[in-house]
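*Asks:* For reference, this is protein-v9.csv, and it has CSV, C-alpha atoms.
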chain,number,residue,atom,x,y,z
A,1,MET,CA,0.0,0.0,0.0
A,2,THR,CA,1.3,3.4,-0.9
A,3,THR,CA,0.3,6.8,0.5
A,4,ALA,CA,2.5,8.9,-1.8
A,5,ILE,CA,-0.4,10.0,-3.9
A,6,LEU,CA,-1.7,12.1,-1.0
A,7,GLU,CA,1.6,13.8,-0.2
A,8,LYS,CA,1.8,17.5,-0.9
A,9,PRO,CA,3.1,17.9,-4.5
A,10,ALA,CA,6.6,19.3,-4.7
A,11,SER,CA,6.8,22.9,-5.7
A,12,PRO,CA,7.6,23.8,-9.3
A,13,SER,CA,11.1,24.9,-8.2
A,14,ALA,CA,11.8,21.5,-6.7
A,15,THR,CA,10.8,19.6,-9.8
A,16,LEU,CA,12.1,21.8,-12.6
A,17,PRO,CA,15.8,22.9,-13.1
A,18,LEU,CA,14.7,26.5,-13.6
A,19,ALA,CA,11.5,28.5,-13.1
A,20,ALA,CA,9.0,27.4,-15.7
A,21,SER,CA,8.9,30.8,-17.3
A,22,THR,CA,12.6,30.7,-18.1
A,23,VAL,CA,12.8,27.2,-19.6
A,24,ARG,CA,12.6,26.9,-23.4
A,25,PRO,CA,11.4,23.6,-24.8
A,26,SER,CA,14.3,21.7,-26.4
A,27,SER,CA,14.1,21.1,-30.1
A,28,THR,CA,14.7,17.4,-29.5
A,29,LYS,CA,12.7,16.8,-26.4
A,30,PRO,CA,8.9,17.1,-26.6
A,31,ALA,CA,7.0,19.2,-24.1
A,32,ALA,CA,5.4,17.3,-21.2
A,33,LEU,CA,1.6,17.3,-20.6
A,34,LEU,CA,-0.3,15.8,-17.7
A,35,VAL,CA,-3.7,14.2,-18.3
A,36,GLY,CA,-6.4,13.1,-16.0
A,37,LEU,CA,-8.8,10.6,-17.7
A,38,ASP,CA,-12.1,9.1,-16.6
A,39,LEU,CA,-12.4,6.3,-19.1
A,40,GLY,CA,-16.1,5.5,-18.8
A,41,THR,CA,-18.3,2.9,-20.3
A,42,ASN,CA,-20.8,5.5,-21.7
A,43,LYS,CA,-19.0,8.9,-21.3
A,44,SER,CA,-15.3,9.8,-20.7
A,45,CYS,CA,-13.9,13.0,-19.3
A,46,VAL,CA,-10.4,14.2,-20.1
A,47,LEU,CA,-8.6,17.1,-18.4
A,48,ALA,CA,-5.1,18.2,-19.3
A,49,GLY,CA,-2.6,20.7,-17.8
A,50,ASN,CA,1.1,21.5,-17.8
A,51,PRO,CA,3.4,20.2,-15.0
A,52,GLY,CA,4.3,22.7,-12.3
A,53,THR,CA,1.0,24.6,-12.6
A,54,THR,CA,-2.6,24.2,-11.4
A,55,ASP,CA,-3.9,25.3,-14.8
A,56,ILE,CA,-6.4,23.2,-16.7
A,57,THR,CA,-5.8,23.7,-20.5
A,58,VAL,CA,-8.3,21.1,-21.7
A,59,SER,CA,-11.6,20.0,-20.2
A,60,LYS,CA,-13.9,17.8,-22.3
A,61,VAL,CA,-16.6,15.2,-21.8
A,62,VAL,CA,-17.1,12.9,-24.7
A,63,PRO,CA,-19.4,9.8,-25.3
A,64,SER,CA,-17.2,6.7,-25.3
A,65,VAL,CA,-18.2,5.5,-28.8
A,66,VAL,CA,-16.3,5.1,-32.1
A,67,GLY,CA,-18.1,5.2,-35.4
A,68,TYR,CA,-16.5,3.4,-38.4
A,69,VAL,CA,-17.9,4.8,-41.6
A,70,LYS,CA,-19.7,2.3,-43.8
A,71,ASP,CA,-18.5,1.5,-47.3
A,72,GLY,CA,-20.2,3.3,-50.1
A,73,ILE,CA,-21.1,6.5,-48.3
A,74,VAL,CA,-21.4,9.4,-50.8
A,75,ASP,CA,-18.6,11.9,-50.8
A,76,GLY,CA,-19.4,14.9,-48.7
A,77,ILE,CA,-21.8,13.2,-46.3
A,78,ILE,CA,-19.1,12.8,-43.7
A,79,THR,CA,-17.1,16.0,-42.9
A,80,GLY,CA,-13.7,15.7,-44.6
A,81,ASN,CA,-14.7,12.2,-45.8
A,82,ALA,CA,-13.3,10.8,-42.5
A,83,LYS,CA,-13.2,7.1,-42.0
A,84,ILE,CA,-13.6,7.1,-38.2
A,85,LEU,CA,-15.8,9.3,-36.1
A,86,PHE,CA,-15.9,9.7,-32.3
A,87,GLY,CA,-18.3,10.7,-29.6
A,88,GLU,CA,-21.2,13.0,-30.4
A,89,GLU,CA,-20.2,13.2,-34.1
A,90,ALA,CA,-20.4,9.4,-34.3
A,91,LEU,CA,-23.8,9.4,-32.7
A,92,ARG,CA,-25.1,12.1,-35.1
A,93,GLN,CA,-24.0,10.0,-38.0
A,94,MET,CA,-25.2,6.6,-36.8
A,95,LEU,CA,-27.0,5.9,-40.1
A,96,HIS,CA,-23.7,6.0,-41.9
A,97,VAL,CA,-21.3,4.3,-39.4
A,98,GLU,CA,-20.9,1.1,-37.5
A,99,LEU,CA,-20.9,2.1,-33.9
A,100,ALA,CA,-18.4,0.4,-31.5
A,101,THR,CA,-18.3,0.9,-27.7
A,102,PRO,CA,-14.7,0.3,-26.5
A,103,LEU,CA,-15.7,-0.5,-22.9
A,104,ALA,CA,-18.2,-2.8,-21.2
A,105,GLU,CA,-18.8,-2.9,-17.4
A,106,GLY,CA,-16.0,-0.4,-17.0
A,107,ILE,CA,-13.3,-2.4,-18.7
A,108,ILE,CA,-12.0,-2.7,-22.3
A,109,ALA,CA,-14.1,-5.0,-24.3
A,110,HIS,CA,-13.0,-4.1,-27.9
A,111,PRO,CA,-9.2,-3.4,-28.0
A,112,GLU,CA,-9.1,-2.0,-31.5
A,113,SER,CA,-11.8,0.6,-30.9
A,114,ALA,CA,-10.4,1.3,-27.5
A,115,ARG,CA,-7.0,2.2,-29.1
A,116,ASP,CA,-8.7,4.4,-31.7
A,117,PHE,CA,-10.7,6.1,-28.9
A,118,LEU,CA,-7.5,6.7,-26.8
A,119,GLN,CA,-5.9,8.2,-29.9
A,120,HIS,CA,-8.8,10.6,-30.1
A,121,ILE,CA,-8.5,11.4,-26.4
A,122,ARG,CA,-4.8,12.2,-27.0
A,123,LEU,CA,-5.6,14.6,-29.8
A,124,LEU,CA,-8.2,16.4,-27.6
A,125,ALA,CA,-5.6,16.8,-24.9
A,126,ASP,CA,-2.8,17.7,-27.3
A,127,PRO,CA,-4.0,18.9,-30.7
A,128,THR,CA,-0.3,19.4,-31.8
A,129,GLY,CA,0.3,15.7,-31.4
A,130,ARG,CA,3.8,16.4,-30.2
A,131,ALA,CA,3.6,16.4,-26.4
A,132,GLU,CA,4.9,13.7,-24.1
A,133,ILE,CA,1.7,12.7,-22.2
A,134,ARG,CA,1.7,11.3,-18.8
A,135,ALA,CA,-1.9,10.1,-18.0
A,136,VAL,CA,-3.6,9.0,-14.7
A,137,VAL,CA,-6.5,6.8,-15.7
A,138,GLY,CA,-9.4,5.8,-13.4
A,139,VAL,CA,-10.3,2.2,-13.2
A,140,PRO,CA,-13.2,0.4,-11.6
A,141,ALA,CA,-12.8,-0.5,-7.9
A,142,ASN,CA,-11.1,-3.9,-7.6
A,143,ALA,CA,-10.3,-4.0,-11.3
A,144,GLY,CA,-8.1,-7.1,-11.9
A,145,GLU,CA,-4.7,-7.2,-13.4
A,146,ALA,CA,-6.1,-8.4,-16.7
A,147,ALA,CA,-8.3,-5.3,-17.0
A,148,ARG,CA,-5.4,-3.1,-16.0
A,149,GLU,CA,-3.1,-4.7,-18.6
A,150,ALA,CA,-5.8,-4.2,-21.3
A,151,ILE,CA,-5.7,-0.4,-20.6
A,152,ARG,CA,-1.9,-0.4,-20.7
A,153,ARG,CA,-1.8,-2.2,-24.0
A,154,ALA,CA,-4.4,0.1,-25.5
A,155,ALA,CA,-2.5,3.2,-24.3
A,156,SER,CA,0.9,1.9,-25.4
A,157,GLY,CA,2.5,4.4,-27.8
A,158,ILE,CA,-0.3,6.9,-27.3
A,159,PHE,CA,0.7,8.0,-23.8
A,160,SER,CA,4.4,7.9,-22.7
A,161,HIS,CA,3.6,7.0,-19.0
A,162,ILE,CA,0.5,5.8,-17.2
A,163,LEU,CA,-0.8,5.4,-13.6
A,164,LEU,CA,-4.0,3.5,-12.9
A,165,ILE,CA,-6.0,4.5,-9.8
A,166,PRO,CA,-9.5,3.4,-8.6
A,167,GLU,CA,-12.2,5.7,-9.7
A,168,PRO,CA,-14.0,6.3,-6.4
A,169,PHE,CA,-10.7,7.4,-4.8
A,170,LEU,CA,-10.1,9.8,-7.7
A,171,ALA,CA,-13.7,11.1,-7.3
A,172,ALA,CA,-13.0,11.9,-3.6
A,173,LEU,CA,-9.7,13.6,-4.6
A,174,GLY,CA,-11.5,15.6,-7.3
A,175,TYR,CA,-14.5,16.5,-5.0
A,176,ARG,CA,-12.1,17.8,-2.4
A,177,ASP,CA,-12.0,21.6,-2.2
A,178,ASP,CA,-8.3,22.1,-1.7
A,179,ALA,CA,-8.8,25.8,-0.8
A,180,ARG,CA,-10.9,24.8,2.2
A,181,VAL,CA,-8.9,21.9,3.5
A,182,LYS,CA,-7.4,23.9,6.4
A,183,GLN,CA,-10.6,25.8,7.2
A,184,SER,CA,-12.3,25.1,10.5
A,185,GLY,CA,-15.4,23.0,10.0
A,186,TYR,CA,-14.6,21.7,6.5
A,187,VAL,CA,-15.1,18.0,6.2
A,188,ASP,CA,-12.3,16.7,4.0
A,189,PRO,CA,-13.7,13.8,1.9
A,190,VAL,CA,-10.2,12.4,1.5
A,191,VAL,CA,-9.8,12.0,5.3
A,192,ASN,CA,-12.9,9.9,6.1
A,193,SER,CA,-15.7,9.3,3.6
A,194,LEU,CA,-17.5,6.6,1.6
A,195,PHE,CA,-17.9,7.3,-2.1
A,196,ILE,CA,-20.6,5.6,-4.3
A,197,ASP,CA,-19.6,6.1,-7.9
A,198,ILE,CA,-22.4,4.9,-10.2
A,199,GLY,CA,-21.3,4.8,-13.9
A,200,GLY,CA,-22.6,3.1,-17.0
A,201,GLY,CA,-21.0,-0.3,-16.5
A,202,THR,CA,-20.2,-0.6,-12.8
A,203,SER,CA,-21.2,0.9,-9.5
A,204,ASP,CA,-18.1,1.3,-7.4
A,205,LEU,CA,-18.0,1.9,-3.6
A,206,CYS,CA,-14.9,2.9,-1.7
A,207,LEU,CA,-13.8,3.8,1.8
A,208,VAL,CA,-11.6,6.8,1.6
A,209,GLN,CA,-9.8,7.4,4.9
A,210,GLY,CA,-6.6,9.3,4.1
A,211,TYR,CA,-4.6,6.5,2.4
A,212,PHE,CA,-4.6,4.7,-0.9
A,213,PRO,CA,-7.5,2.2,-0.7
A,214,THR,CA,-6.8,-1.5,-0.5
A,215,ARG,CA,-9.0,-4.2,-2.1
A,216,ASP,CA,-10.8,-4.6,1.2
A,217,ASP,CA,-11.8,-0.9,1.0
A,218,GLN,CA,-13.5,-1.3,-2.3
A,219,ILE,CA,-16.5,-3.1,-3.8
A,220,SER,CA,-17.4,-3.1,-7.5
A,221,ILE,CA,-20.8,-4.2,-8.8
A,222,ALA,CA,-21.3,-5.0,-12.4
A,223,PHE,CA,-24.8,-3.4,-12.3
A,224,ALA,CA,-25.2,0.3,-13.2
A,225,GLY,CA,-26.6,2.6,-15.8
A,226,ASP,CA,-26.5,0.1,-18.7
A,227,ALA,CA,-28.2,-2.6,-16.6
A,228,ILE,CA,-31.0,-0.1,-15.8
A,229,ASP,CA,-31.4,0.6,-19.5
A,230,GLU,CA,-31.8,-3.1,-20.2
A,231,LEU,CA,-34.4,-3.6,-17.5
A,232,ILE,CA,-36.4,-0.5,-18.7
A,233,PHE,CA,-36.1,-1.8,-22.3
A,234,ASP,CA,-37.4,-5.2,-21.3
A,235,GLY,CA,-40.2,-3.8,-19.2
A,236,LEU,CA,-41.2,-1.4,-22.1
A,237,ASN,CA,-41.3,-4.3,-24.6
A,238,ARG,CA,-43.5,-6.4,-22.3
A,239,THR,CA,-46.0,-3.5,-21.9
A,240,TYR,CA,-45.8,-2.1,-25.4
A,241,PRO,CA,-44.7,-5.0,-27.7
A,242,ASN,CA,-43.1,-4.0,-31.1
A,243,ASN,CA,-42.6,-0.4,-30.0
A,244,GLY,CA,-39.5,0.0,-32.1
A,245,LEU,CA,-37.7,2.2,-29.6
A,246,SER,CA,-33.9,1.9,-29.5
A,247,VAL,CA,-31.7,1.4,-26.5
A,248,ILE,CA,-30.3,4.9,-27.1
A,249,THR,CA,-33.9,6.4,-26.9
A,250,VAL,CA,-34.6,4.3,-23.7
A,251,ARG,CA,-31.4,5.7,-22.2
A,252,GLU,CA,-32.5,9.3,-22.9
A,253,ILE,CA,-35.9,8.5,-21.3
A,254,LYS,CA,-34.1,7.1,-18.2
A,255,GLU,CA,-31.8,10.1,-17.9
A,256,ALA,CA,-34.9,12.4,-18.0
A,257,HIS,CA,-37.1,10.5,-15.6
A,258,ALA,CA,-35.1,8.0,-13.4
A,259,TYR,CA,-36.2,7.7,-9.8
A,260,VAL,CA,-36.0,5.4,-6.8
A,261,GLY,CA,-38.5,4.8,-4.0
A,262,PRO,CA,-42.3,4.4,-4.1
A,263,SER,CA,-44.0,4.3,-7.5
A,264,ARG,CA,-44.4,7.7,-9.2
A,265,LYS,CA,-47.2,6.7,-11.4
A,266,PRO,CA,-48.5,8.3,-13.5
A,267,LEU,CA,-45.3,9.0,-15.3
A,268,GLU,CA,-46.3,9.6,-18.9
A,269,VAL,CA,-43.6,9.9,-21.6
A,270,LYS,CA,-44.2,11.1,-25.1
A,271,VAL,CA,-42.3,9.3,-27.8
A,272,VAL,CA,-42.5,8.9,-31.6
A,273,ILE,CA,-43.2,5.4,-32.9
A,274,GLY,CA,-43.5,4.8,-36.6
A,275,GLY,CA,-43.6,8.5,-37.2
A,276,LYS,CA,-46.6,9.0,-34.9
A,277,SER,CA,-46.6,10.6,-31.4
A,278,ARG,CA,-47.6,8.3,-28.5
A,279,THR,CA,-47.8,8.6,-24.8
A,280,LEU,CA,-46.5,5.7,-22.8
A,281,GLU,CA,-46.9,5.1,-19.0
A,282,LEU,CA,-43.5,4.2,-17.8
A,283,GLY,CA,-43.7,4.8,-14.0
A,284,ASP,CA,-43.3,1.1,-13.1
A,285,ALA,CA,-40.8,0.2,-15.7
A,286,ILE,CA,-38.4,3.0,-14.7
A,287,GLY,CA,-39.0,2.7,-10.9
A,288,ASN,CA,-38.6,-1.1,-10.9
A,289,ALA,CA,-35.3,-0.8,-12.8
A,290,CYS,CA,-33.8,1.9,-10.7
A,291,ASN,CA,-34.9,0.3,-7.4
A,292,ALA,CA,-33.1,-2.9,-8.6
A,293,LEU,CA,-29.9,-0.8,-8.6
A,294,LEU,CA,-30.6,0.4,-5.1
A,295,ASP,CA,-31.1,-3.2,-4.0
A,296,LYS,CA,-27.6,-4.0,-5.3
A,297,ILE,CA,-25.9,-1.0,-3.8
A,298,TYR,CA,-27.3,-1.0,-0.3
A,299,PRO,CA,-25.8,-4.4,0.9
A,300,ALA,CA,-22.4,-3.3,-0.5
A,301,LEU,CA,-22.7,0.0,1.3
A,302,THR,CA,-23.5,-1.6,4.7
A,303,SER,CA,-20.7,-4.1,4.1
A,304,LEU,CA,-18.1,-1.3,3.7
A,305,ILE,CA,-19.5,0.5,6.7
A,306,ALA,CA,-18.9,-2.7,8.8
A,307,ARG,CA,-15.3,-2.7,7.6
A,308,ALA,CA,-14.6,0.8,9.0
A,309,SER,CA,-13.0,1.1,12.4
A,310,SER,CA,-15.3,1.8,15.3
A,311,ASP,CA,-13.4,5.1,15.9
A,312,SER,CA,-14.1,6.3,12.4
A,313,VAL,CA,-17.6,5.0,11.6
A,314,VAL,CA,-19.6,7.8,13.3
A,315,THR,CA,-17.9,10.5,11.2
A,316,LEU,CA,-18.0,8.2,8.1
A,317,LEU,CA,-21.7,8.0,8.3
A,318,GLN,CA,-21.9,11.8,8.0
A,319,ASN,CA,-19.9,11.8,4.8
A,320,ILE,CA,-21.5,9.3,2.3
A,321,ILE,CA,-21.3,10.8,-1.2
A,322,VAL,CA,-23.0,9.6,-4.4
A,323,THR,CA,-21.4,10.6,-7.7
A,324,GLY,CA,-21.3,9.5,-11.3
A,325,GLY,CA,-24.2,9.5,-13.7
A,326,GLY,CA,-26.3,7.5,-11.2
A,327,SER,CA,-26.2,10.4,-8.8
A,328,GLN,CA,-28.8,12.0,-11.1
A,329,ILE,CA,-31.5,9.4,-10.2
A,330,ARG,CA,-34.1,11.3,-8.3
A,331,GLY,CA,-34.3,10.4,-4.6
A,332,ILE,CA,-31.2,8.1,-4.5
A,333,ASP,CA,-29.6,10.1,-1.7
A,334,THR,CA,-32.8,10.4,0.5
A,335,VAL,CA,-33.8,6.8,0.0
A,336,LEU,CA,-30.3,5.4,0.9
A,337,GLN,CA,-30.2,7.7,3.9
A,338,LYS,CA,-33.6,6.6,5.1
A,339,ARG,CA,-32.7,2.9,4.7
A,340,LEU,CA,-29.6,3.4,6.8
A,341,ALA,CA,-31.6,5.3,9.5
A,342,ASP,CA,-34.3,2.7,9.5
A,343,ASP,CA,-31.7,0.0,10.0
A,344,GLY,CA,-30.4,1.8,13.1
A,345,TYR,CA,-27.3,3.5,11.8
A,346,GLU,CA,-26.5,6.7,13.8
A,347,SER,CA,-27.5,9.9,12.1
A,348,PRO,CA,-26.4,8.9,8.5
A,349,LYS,CA,-26.1,11.7,6.0
A,350,VAL,CA,-26.0,10.8,2.2
A,351,ARG,CA,-25.5,13.6,-0.2
A,352,LEU,CA,-24.9,14.1,-4.0
A,353,ALA,CA,-21.6,15.2,-5.4
A,354,GLY,CA,-23.4,17.9,-7.5
A,355,GLN,CA,-23.7,18.9,-11.1
A,356,ASP,CA,-20.0,18.6,-11.8
A,357,PHE,CA,-20.3,14.8,-11.2
A,358,GLN,CA,-19.0,14.1,-14.7
A,359,ARG,CA,-15.6,15.7,-14.0
A,360,TYR,CA,-14.7,14.7,-10.5
A,361,VAL,CA,-12.8,11.5,-11.4
A,362,ALA,CA,-10.8,13.3,-14.1
A,363,ILE,CA,-10.1,16.2,-11.7
A,364,GLY,CA,-8.8,13.8,-9.1
A,365,ALA,CA,-6.8,12.0,-11.8
A,366,LEU,CA,-5.1,15.3,-12.8
A,367,LYS,CA,-4.4,16.1,-9.2
A,368,ALA,CA,-2.9,12.7,-8.8
A,369,ALA,CA,-0.7,13.2,-11.9
A,370,ARG,CA,0.7,16.4,-10.4
A,371,ALA,CA,1.4,14.7,-7.1
A,372,ALA,CA,2.9,11.4,-8.5
A,373,ARG,CA,6.6,10.6,-8.0
A,374,GLU,CA,8.7,9.5,-10.8
A,375,ASN,CA,9.0,6.0,-9.6
A,376,GLN,CA,5.1,5.6,-9.5
A,377,TRP,CA,4.7,6.1,-13.3
A,378,GLN,CA,4.7,3.1,-15.6
A,379,VAL,CA,6.5,3.6,-18.9
A,380,LEU,CA,4.6,2.6,-22.0
A,381,LEU,CA,6.7,1.6,-25.0
A,382,GLY,CA,5.0,1.9,-28.4
Could I get this structure in the form of C-alpha cells?
*Replies:*
Amino acid sequence: MTTAILEKPASPSATLPLAASTVRPSSTKPAALLVGLDLGTNKSCVLAGNPGTTDITVSKVVPSVVGYVKDGIVDGIITGNAKILFGEEALRQMLHVELATPLAEGIIAHPESARDFLQHIRLLADPTGRAEIRAVVGVPANAGEAAREAIRRAASGIFSHILLIPEPFLAALGYRDDARVKQSGYVDPVVNSLFIDIGGGTSDLCLVQGYFPTRDDQISIAFAGDAIDELIFDGLNRTYPNNGLSVITVREIKEAHAYVGPSRKPLEVKVVIGGKSRTLELGDAIGNACNALLDKIYPALTSLIARASSDSVVTLLQNIIVTGGGSQIRGIDTVLQKRLADDGYESPKVRLAGQDFQRYVAIGALKAARAARENQWQVLLG
C-alpha cells in the first residue's frame, strides 16, 4: 500500500531545473503534458494541464463511442470524408457508421476501438500531437490485473507514461476543495468518507480514509446505468410490444425520468413510434429498474461501513457521497439515507456530489498526476 499520492506535491522549483517561465522547450525533447482521464463505459472525461502549474488547459466530456464509416457512403456526407468518427459526431452519423463501444462494465471489451478512442483522447488533450503525455486513468474499484493490462496495451505508444488508480478514490480527490482543507469545520472527503460512484458499466463503492485504498476498502458491482437501461427496455417491450424504440432512446428517457423509492405513477412519456406521437406510461418500468440498482448498492454500502474502524464510523456515516451518472437518479440520496436510518445507523447523511459529477474522477486524476513521484509512473513503450 502506498500513500505517496496524498503527499503534498513538490513545488515547481523542486521539480524543474529552472523556473517554468525561463525554460525553453528543447528542439529534440517534446513538451510534457499531464492528463487526468475518466475512461467511462458511456462517457469519458479528459482534463489536461502543464506540469508545475494548477492550470487546466483542456476539459472535455465525450461519449465513449467510435463510429467506423460504412463502405459506399457518398462523398461529402461525412465531414472531410473521415473514415472514423468519435463521440457526439459518431452518434449524429449513426445511419452512416458502424458504432463500437470500446468498454463494457467499466473495462476494455474491444481493444481495436479502445485504441482508436484513446488516440482521439490524446488529440483532444494535445492537438499538436507532439507532447509527451503522462496520464492518470481511473479504473473500476477492484479491477483485476487483466483489466489493467488491457488499458496499458491500448494506451501503449499513445501515452508515454501511465498510472491506474481506482475511480471512487479519484472522485474523492476531485471532489475535495483544496482551498478549504485547512478551514475550520470543513469535512475533508479524503480523510474519512464513503464514495458511491455509479457509472454506465459498474457501481463502485470505496472507503476513503486518508490513504490509498486496498482491495478490502472497495466493492465493484457489475450493475449500473447500462443494466438499468436493459431492464427498462425489457419492461417497455412487455407492456408495449413491437414499440421499435432503440436502447439509445430508452437511455434518454431514463436520464430524464429516473427515480427510486415508491412508484411515481402516472409517469407519462411522449415518444415517436413509426412516425406517430404516442404517450407511454413508464412509471413502473423506470421505478422497478432503478430500485433494482438500489437493492444491489445497499448491501455493499453496509458491508463497507462494517469494515470501517469503530473510531471512524460515526464521522464516516456523515460523509457518504454519491457521484457518477447514477447520482442524477431522483431520490437516490434520500432513499439510501432513510434505509440506513431505518436499520439503526447513527444519524447517517447521504449527499450528492453535485452537477460537476462528470468531471470529479478526471479532476482527481489530474491532481494525482501532479502529485505522483517519478517511480510511480509506468513507462509505455509503443
*Asks:* Counting all atoms listed in the file, which residue out of A:Thr53, A:Thr302, A:Ser59, A:Thr214 sits closest to Leu340 of chain A?
*Replies:*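 Closest to Leu340 of chain A, using all atoms listed in the file: A:Thr302.
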*Asks:* By how many Å are atom CA of Gln119 of chain A and atom CA of Val66 of chain A apart?
*Replies:* 11.1 Å
*Asks:* Ranking A:Ala300, A:Ala171, A:Ala109, A:Val69 by minimum distance to Asp217 of chain A and counting all atoms listed in the file, which one comes first?
*Replies:*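 For Asp217 of chain A, the nearest of the given residues is A:Ala300.
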*Asks:* Of the candidates A:Gln318, A:Gly200, A:Asp38, A:Ile78, which shows the shortest atom-to-atom distance to Pro166 of chain A, using only C-alpha atoms?
*Replies:*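 The closest residue to Pro166 of chain A is A:Asp38.
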*Asks:* What are the closest atom pairs, with distances in Å to one decimal, for each residue of segment 125-199 of chain A lying within 12 Å of segment 308-316 of chain A, using all atoms listed in the file, rows by chain and rising residue number, as a Markdown table?
*Replies:*
| residue | atom | partner | partner_atom | distance |
| --- | --- | --- | --- | --- |
| A:Val187 | CA | A:Thr315 | CA | 9.4 |
| A:Asp188 | CA | A:Leu316 | CA | 11.0 |
| A:Pro189 | CA | A:Leu316 | CA | 9.4 |
| A:Val190 | CA | A:Leu316 | CA | 11.0 |
| A:Val191 | CA | A:Leu316 | CA | 9.5 |
| A:Asn192 | CA | A:Leu316 | CA | 5.7 |
| A:Ser193 | CA | A:Leu316 | CA | 5.2 |
| A:Leu194 | CA | A:Leu316 | CA | 6.7 |
| A:Phe195 | CA | A:Leu316 | CA | 10.2 |
*Asks:* The selected residues should be written to file as a PDB file, in the coordinates of the input (atoms: C-alpha atoms).
*Replies:*
ATOM      1  CA  VAL A 187     -15.100  18.000   6.200  1.00  0.00           C
ATOM      2  CA  ASP A 188     -12.300  16.700   4.000  1.00  0.00           C
ATOM      3  CA  PRO A 189     -13.700  13.800   1.900  1.00  0.00           C
ATOM      4  CA  VAL A 190     -10.200  12.400   1.500  1.00  0.00           C
ATOM      5  CA  VAL A 191      -9.800  12.000   5.300  1.00  0.00           C
ATOM      6  CA  ASN A 192     -12.900   9.900   6.100  1.00  0.00           C
ATOM      7  CA  SER A 193     -15.700   9.300   3.600  1.00  0.00           C
ATOM      8  CA  LEU A 194     -17.500   6.600   1.600  1.00  0.00           C
ATOM      9  CA  PHE A 195     -17.900   7.300  -2.100  1.00  0.00           C
TER      10      PHE A 195
END
*Asks:* So which one's closest to Glu88 of chain A, A:Leu317, A:Val61, A:Leu103, A:Ile165? Using all atoms listed in the file, please.
*Replies:* A:Val61
*Asks:* Between atom CA of Ala372 of chain A and atom CA of Arg134 of chain A, what is the spacing in Å?
*Replies:*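 One can read the atom CA of Arg134 of chain A to atom CA of Ala372 of chain A distance as 10.4 Å.
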*Asks:* For each of A:Asp204, A:Glu149, A:Asp216, A:Glu89, take the minimum atom-to-atom distance to Arg307 of chain A, counting all atoms listed in the file, then give the residue where this is smallest.
*Replies:* A:Asp216
*Asks:* From the set A:Ile162, A:Leu33, A:Leu245, A:Ile107, which residue has the shortest atom-to-atom contact distance to Pro127 of chain A, counting only C-alpha atoms?
*Replies:*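 For Pro127 of chain A, the nearest of the candidates is A:Leu33.
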*Asks:* What's around Thr239 of chain A at 12 Å? Count all atoms listed in the file, leave out sequence neighbours fewer than 6 positions away in its own chain, and write the answer as an MDAnalysis selection string.
*Replies:* chainID A and resid 232:233 280:285
*Asks:* Between atom CA of Val136 of chain A and atom CA of Tyr68 of chain A, what is the distance in Å, rounded to a tenth?
*Replies:*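 Distance between the two atoms: 27.6 Å.
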*Asks:* Taking 3 positions as the minimum chain separation for residues in the same chain, which residues sit within 10 Å of Lys70 of chain A when counting only C-alpha atoms? Answer as an NGL selection string.
*Replies:* :A and (67 or 73 or 83-84 or 94-99)
*Asks:* List the residues sitting within 12 Å of (-19.0, 12.8, -6.3) in the file's frame, using only C-alpha atoms, as a ChimeraX atom specification.
*Replies:* /A:167-177,189-190,193-199,204-206,319-328,333,350-364
*Asks:* Put those residues in a file: C-alpha atoms, as a short mmCIF file (atom, residue, chain, number, x, y, z; two decimals), keeping the file's coordinate frame.
*Replies:*
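Writing done, so here's again_11.cif:
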data_model
loop_
_atom_site.label_atom_id
_atom_site.label_comp_id
_atom_site.auth_asym_id
_atom_site.auth_seq_id
_atom_site.Cartn_x
_atom_site.Cartn_y
_atom_site.Cartn_z
CA GLU A 167 -12.20 5.70 -9.70
CA PRO A 168 -14.00 6.30 -6.40
CA PHE A 169 -10.70 7.40 -4.80
CA LEU A 170 -10.10 9.80 -7.70
CA ALA A 171 -13.70 11.10 -7.30
CA ALA A 172 -13.00 11.90 -3.60
CA LEU A 173 -9.70 13.60 -4.60
CA GLY A 174 -11.50 15.60 -7.30
CA TYR A 175 -14.50 16.50 -5.00
CA ARG A 176 -12.10 17.80 -2.40
CA ASP A 177 -12.00 21.60 -2.20
CA PRO A 189 -13.70 13.80 1.90
CA VAL A 190 -10.20 12.40 1.50
CA SER A 193 -15.70 9.30 3.60
CA LEU A 194 -17.50 6.60 1.60
CA PHE A 195 -17.90 7.30 -2.10
CA ILE A 196 -20.60 5.60 -4.30
CA ASP A 197 -19.60 6.10 -7.90
CA ILE A 198 -22.40 4.90 -10.20
CA GLY A 199 -21.30 4.80 -13.90
CA ASP A 204 -18.10 1.30 -7.40
CA LEU A 205 -18.00 1.90 -3.60
CA CYS A 206 -14.90 2.90 -1.70
CA ASN A 319 -19.90 11.80 4.80
CA ILE A 320 -21.50 9.30 2.30
CA ILE A 321 -21.30 10.80 -1.20
CA VAL A 322 -23.00 9.60 -4.40
CA THR A 323 -21.40 10.60 -7.70
CA GLY A 324 -21.30 9.50 -11.30
CA GLY A 325 -24.20 9.50 -13.70
CA GLY A 326 -26.30 7.50 -11.20
CA SER A 327 -26.20 10.40 -8.80
CA GLN A 328 -28.80 12.00 -11.10
CA ASP A 333 -29.60 10.10 -1.70
CA VAL A 350 -26.00 10.80 2.20
CA ARG A 351 -25.50 13.60 -0.20
CA LEU A 352 -24.90 14.10 -4.00
CA ALA A 353 -21.60 15.20 -5.40
CA GLY A 354 -23.40 17.90 -7.50
CA GLN A 355 -23.70 18.90 -11.10
CA ASP A 356 -20.00 18.60 -11.80
CA PHE A 357 -20.30 14.80 -11.20
CA GLN A 358 -19.00 14.10 -14.70
CA ARG A 359 -15.60 15.70 -14.00
CA TYR A 360 -14.70 14.70 -10.50
CA VAL A 361 -12.80 11.50 -11.40
CA ALA A 362 -10.80 13.30 -14.10
CA ILE A 363 -10.10 16.20 -11.70
CA GLY A 364 -8.80 13.80 -9.10
#
*Asks:* Neighbours of Ala48 of chain A within 7 Å (all atoms listed in the file; same-chain residues fewer than 6 positions away dropped), as a PyMOL selection string?
*Replies:* chain A and resi 33-36+56-59+125
*Asks:* Name the residues in contact with Val335 of chain A at a cut-off of 7 Å, using all atoms listed in the file, excluding same-chain residues fewer than 4 positions from it; report them as JSON, numbers by chain.
*Replies:* {"A": [261, 331, 339]}
*Asks:* Just C-alpha atoms for this one: save the residues we selected as a PDB file, in the coordinates of the input.
*Replies:*
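Just written: selection-v3.pdb:
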ATOM      1  CA  GLY A 261     -38.500   4.800  -4.000  1.00  0.00           C
ATOM      2  CA  GLY A 331     -34.300  10.400  -4.600  1.00  0.00           C
ATOM      3  CA  ARG A 339     -32.700   2.900   4.700  1.00  0.00           C
TER       4      ARG A 339
END
